[in-house]
Amino acid sequence: MNKFKYVPMFLLTCLSGMLASWSVVAAEAGRIVFVAGKADVAGQAAVLDAPVQEGDTLATGADGYVYVKTVDKGFLILRPNSRARIVVYAVDRTNPANTQVKLELSQGVARAISGEGVKQARQNFRFNTPVAAIGVRGTDFVVYTDQQASRVSVISGGVVMSGFDATCRAEGSGPCEGSASRELFAGQVGLLQIERGNSVPQLLHNSALSPDRSARPRSDEPVGAVVAPVAPGVSVAEVNLDPQRSSRSLDSVRATVVPQPQPQPQPQPETPQPQQPQPGTTPPTETPAPVIIEPALPVVTVPLPVPPPAVPATPPVQELFWGRWQQIAGASPKLARIGDADVEVATYYGPYAMTRLNTSALVMPNEGLASFVLKGGEAVVTKGNVDRIGSIDAGQLSIDFAKRTFVTSLTVTAPDIQVGITGSGIVTGGGMLYEDRRSQTTIRGYLGGPNAEQAGYLFRNYANPGVTVSGATLWGR
């Protein structure tokens, strides 16, 4: 009997392991939904609806295209003369934050569209090339690579790119975020490039180097947020809509103004000239006209109109939101409007995220200085691998709309530590905030409201040795 003593415990252990594995979709990464030309998966000819497994290599010939729809409703698209591998695609449906995804592109051009699993676990997504690591901010992006250089362009959302070095290794997982990494968002003009031997990507303004030029997309690729260029080297995302918006407003005013008729000059009556009497005649005697007295008109008193009661002003619509999806130092997650259909853009830093509604009424001023008041925020101070939730006790934000620049400062207080933070940067025509090269702080944010009276940004600061401070802020005027 003793030899069967531990059988029930063994079965329970196996059963618990099986139940845990059922909640994780790890074996099948997706299915093929389109094939054209020569395309192979795991050494076999690609066929429609065939499963693509973790570890499979996808390859295309000179005329080959293959589209894979992932299990979390994303896409991996390979264009001609390309080779990629799905290293890991494990979507945890029970706990989405545990999802793990890692893709590799060894040559050619690939487009990656984040699925629901990736959007909820961006901290666990990695897209490797032979020379770079790419992470996402909820993204649709295109990558070109060979063995010496990689380039990435963004259709929607954003990416963070870094070269491989001692702090960012090819065998790692998740994005490499540090002083050598650089971000690119769909609202920016250009693409990121990194060459072998360099750890810091470069921002290039050369449309001829776009991955789309290396391997053209088919017309049946999924529609993205940016359409074909409207002029050579100018995409829709690069066009400033403010002039068009202003002209439309002026045209609408002109259309509603009814021209008033101008008074026409009236002919003046001729004054009769007195007739001179003829010689030898007697001038006629004029009879005076009778005097008519008009009766006095009655005086009518018209009561003044009573003004309608004052209508209270409608409070402005909040267009910017921040959130934190991780529990840190005992503080529960704070959800923002991440992933909603009405969200236009999103930025992520560490545990923080910020979004702006796509119904934003923002019209960027062309001149003037504006000072903003801190309305709220939160920060995490990391020192000695210990996270502390901090408060933002004081802050300043000033924007020069004529120069399209901003300066800001914050005081972050956490248990046993206080950190002063400063930053500066540029403001794009679409109302996005980015730090400049002089800044000690990485900053990403947005403006909102009809007169740009709302502002918000995420920040990360490494200025103090051994201390990292990241957080989110909201501002108003």
# chains A, B, ... in the order shown; residues from 1 in each chain; ligands from 1
>>> select_by_dssp(residues="segment 380-424 of chain A", states="strand (DSSP E)", output="PyMOL selection string")
chain A and resi 380-383+386-400+405-414+417-424
>>> write_last_selection(atoms="C-alpha atoms", output="short mmCIF file (atom, residue, chain, number, x, y, z; two decimals), in the first residue's frame")
data_model
loop_
_atom_site.label_atom_id
_atom_site.label_comp_id
_atom_site.auth_asym_id
_atom_site.auth_seq_id
_atom_site.Cartn_x
_atom_site.Cartn_y
_atom_site.Cartn_z
CA VAL A 380 7.42 56.45 -9.03
CA VAL A 381 10.91 56.89 -7.58
CA THR A 382 13.18 53.86 -7.97
CA LYS A 383 16.29 53.79 -5.78
CA VAL A 386 13.02 49.71 -4.45
CA ASP A 387 9.97 51.50 -5.86
CA ARG A 388 8.37 54.33 -3.92
CA ILE A 389 5.14 56.07 -4.93
CA GLY A 390 5.77 59.82 -4.89
CA SER A 391 3.69 62.97 -5.09
CA ILE A 392 4.29 65.92 -7.37
CA ASP A 393 4.26 68.86 -4.98
CA ALA A 394 5.07 71.73 -7.32
CA GLY A 395 5.37 72.24 -11.04
CA GLN A 396 5.63 74.77 -13.84
CA LEU A 397 4.92 74.42 -17.56
CA SER A 398 5.31 77.26 -20.06
CA ILE A 399 4.73 77.07 -23.83
CA ASP A 400 5.90 79.53 -26.48
CA THR A 405 8.86 75.19 -27.55
CA PHE A 406 8.18 74.40 -23.89
CA VAL A 407 10.01 74.38 -20.54
CA THR A 408 8.89 72.59 -17.39
CA SER A 409 10.00 71.77 -13.86
CA LEU A 410 8.70 69.46 -11.12
CA THR A 411 9.38 68.58 -7.50
CA VAL A 412 8.75 64.91 -6.72
CA THR A 413 8.57 63.83 -3.09
CA ALA A 414 8.64 60.20 -1.96
CA ILE A 417 13.77 61.34 -0.91
CA GLN A 418 12.94 64.51 -2.84
CA VAL A 419 13.96 65.02 -6.47
CA GLY A 420 13.88 68.18 -8.57
CA ILE A 421 13.25 67.61 -12.29
CA THR A 422 13.61 70.00 -15.21
CA GLY A 423 12.93 69.53 -18.91
CA SER A 424 12.45 71.36 -22.20
#
>>> residues_around(residues="segment 132-138 of chain A", least_positions_apart="5", cutoff="6 Å", atoms="only C-alpha atoms", output="NGL selection string")
:A and (119 or 126-127 or 157-164 or 175 or 348)
>>> residues_around(residues="segment 52-59 of chain A", least_positions_apart="4", cutoff="12 Å", atoms="only C-alpha atoms", output="ChimeraX atom specification")
/A:25-33,35,37-48,63-71,76-91,100-110
>>> residues_around(residues="segment 446-456 of chain A", least_positions_apart="3", cutoff="8 Å", atoms="only C-alpha atoms", output="VMD selection string")
chain A and resid 316 to 321 354 356 360 to 365 372 431 to 433 472 to 477
>>> write_last_selection(atoms="N, CA, C and O atoms", output="compact mmCIF listing (two decimals), in the first residue's frame")
# COMPACT_ATOMS: atom_id res chain seq x y z
N PRO A 316 -15.32 72.58 -19.81
CA PRO A 316 -14.61 71.99 -20.94
C PRO A 316 -14.52 70.48 -20.81
O PRO A 316 -14.44 69.92 -19.72
N VAL A 317 -14.55 69.81 -21.95
CA VAL A 317 -14.46 68.34 -21.98
C VAL A 317 -13.02 67.93 -21.72
O VAL A 317 -12.08 68.45 -22.34
N GLN A 318 -12.84 67.01 -20.78
CA GLN A 318 -11.49 66.50 -20.52
C GLN A 318 -11.05 65.63 -21.69
O GLN A 318 -11.74 64.68 -22.06
N GLU A 319 -9.91 65.97 -22.29
CA GLU A 319 -9.44 65.25 -23.48
C GLU A 319 -8.19 64.42 -23.22
O GLU A 319 -7.83 63.59 -24.04
N LEU A 320 -7.53 64.63 -22.09
CA LEU A 320 -6.28 63.92 -21.78
C LEU A 320 -6.48 63.06 -20.54
O LEU A 320 -7.12 63.49 -19.57
N PHE A 321 -5.90 61.85 -20.56
CA PHE A 321 -6.04 60.92 -19.46
C PHE A 321 -4.71 60.20 -19.23
O PHE A 321 -3.98 59.93 -20.18
N MET A 354 -0.50 57.54 -21.25
CA MET A 354 -1.29 58.76 -21.44
C MET A 354 -1.95 58.71 -22.81
O MET A 354 -1.35 58.24 -23.78
N ARG A 356 -4.99 60.75 -25.62
CA ARG A 356 -5.81 61.90 -25.99
C ARG A 356 -6.96 61.41 -26.85
O ARG A 356 -6.78 60.55 -27.72
N SER A 360 -10.67 65.36 -30.02
CA SER A 360 -10.07 66.58 -29.48
C SER A 360 -10.40 67.79 -30.36
O SER A 360 -10.33 67.72 -31.58
N ALA A 361 -10.78 68.89 -29.69
CA ALA A 361 -11.11 70.13 -30.41
C ALA A 361 -9.89 71.03 -30.57
O ALA A 361 -10.04 72.22 -30.85
N LEU A 362 -8.70 70.48 -30.41
CA LEU A 362 -7.48 71.28 -30.40
C LEU A 362 -7.29 72.05 -31.71
O LEU A 362 -7.37 71.48 -32.79
N VAL A 363 -7.05 73.36 -31.58
CA VAL A 363 -6.57 74.20 -32.66
C VAL A 363 -5.33 74.91 -32.12
O VAL A 363 -5.43 75.70 -31.18
N MET A 364 -4.18 74.63 -32.70
CA MET A 364 -2.92 75.14 -32.16
C MET A 364 -2.80 76.65 -32.39
O MET A 364 -2.91 77.12 -33.54
N PRO A 365 -2.57 77.44 -31.34
CA PRO A 365 -2.29 78.87 -31.54
C PRO A 365 -0.96 79.04 -32.28
O PRO A 365 -0.06 78.21 -32.18
N PHE A 372 0.90 77.14 -17.61
CA PHE A 372 -0.05 76.13 -17.19
C PHE A 372 0.11 75.86 -15.69
O PHE A 372 1.20 75.98 -15.13
N GLY A 431 0.18 69.25 -31.71
CA GLY A 431 0.02 69.39 -30.28
C GLY A 431 0.68 68.31 -29.46
O GLY A 431 0.18 67.95 -28.39
N MET A 432 1.81 67.76 -29.93
CA MET A 432 2.54 66.75 -29.18
C MET A 432 3.81 67.37 -28.59
O MET A 432 4.43 68.23 -29.21
N LEU A 433 4.20 66.92 -27.41
CA LEU A 433 5.36 67.43 -26.70
C LEU A 433 6.48 66.39 -26.73
O LEU A 433 6.26 65.23 -26.40
N ALA A 472 3.46 60.76 -14.40
CA ALA A 472 2.49 61.36 -15.30
C ALA A 472 1.97 62.65 -14.69
O ALA A 472 1.83 62.76 -13.47
N THR A 473 1.68 63.64 -15.53
CA THR A 473 1.16 64.93 -15.08
C THR A 473 0.02 65.39 -15.97
O THR A 473 -0.03 65.07 -17.16
N LEU A 474 -0.90 66.18 -15.39
CA LEU A 474 -1.95 66.87 -16.13
C LEU A 474 -1.91 68.34 -15.76
O LEU A 474 -1.70 68.69 -14.58
N TRP A 475 -2.16 69.21 -16.74
CA TRP A 475 -2.05 70.66 -16.56
C TRP A 475 -3.26 71.36 -17.15
O TRP A 475 -3.95 70.81 -18.03
N GLY A 476 -3.50 72.59 -16.71
CA GLY A 476 -4.59 73.39 -17.27
C GLY A 476 -4.27 74.86 -17.16
O GLY A 476 -3.34 75.30 -16.48
N ARG A 477 -5.09 75.68 -17.87
CA ARG A 477 -4.91 77.14 -17.82
C ARG A 477 -6.16 77.81 -17.26
O ARG A 477 -7.25 77.27 -17.35
>>> closest_residue(among="A:Asp165, A:Glu116, A:Asp220, A:Glu177", to="Arg460 of chain A", atoms="only C-alpha atoms")
A:Glu177
>>> atom_distance(atom1="atom CA of Asp140 of chain A", atom2="atom CA of Ile194 of chain A")
19.2 Å
>>> atom_distance(atom1="atom CA of Asp146 of chain A", atom2="atom CA of Val131 of chain A")
8.7 Å
>>> atom_distance(atom1="atom CA of Gly178 of chain A", atom2="atom CA of Thr129 of chain A")
18.4 Å
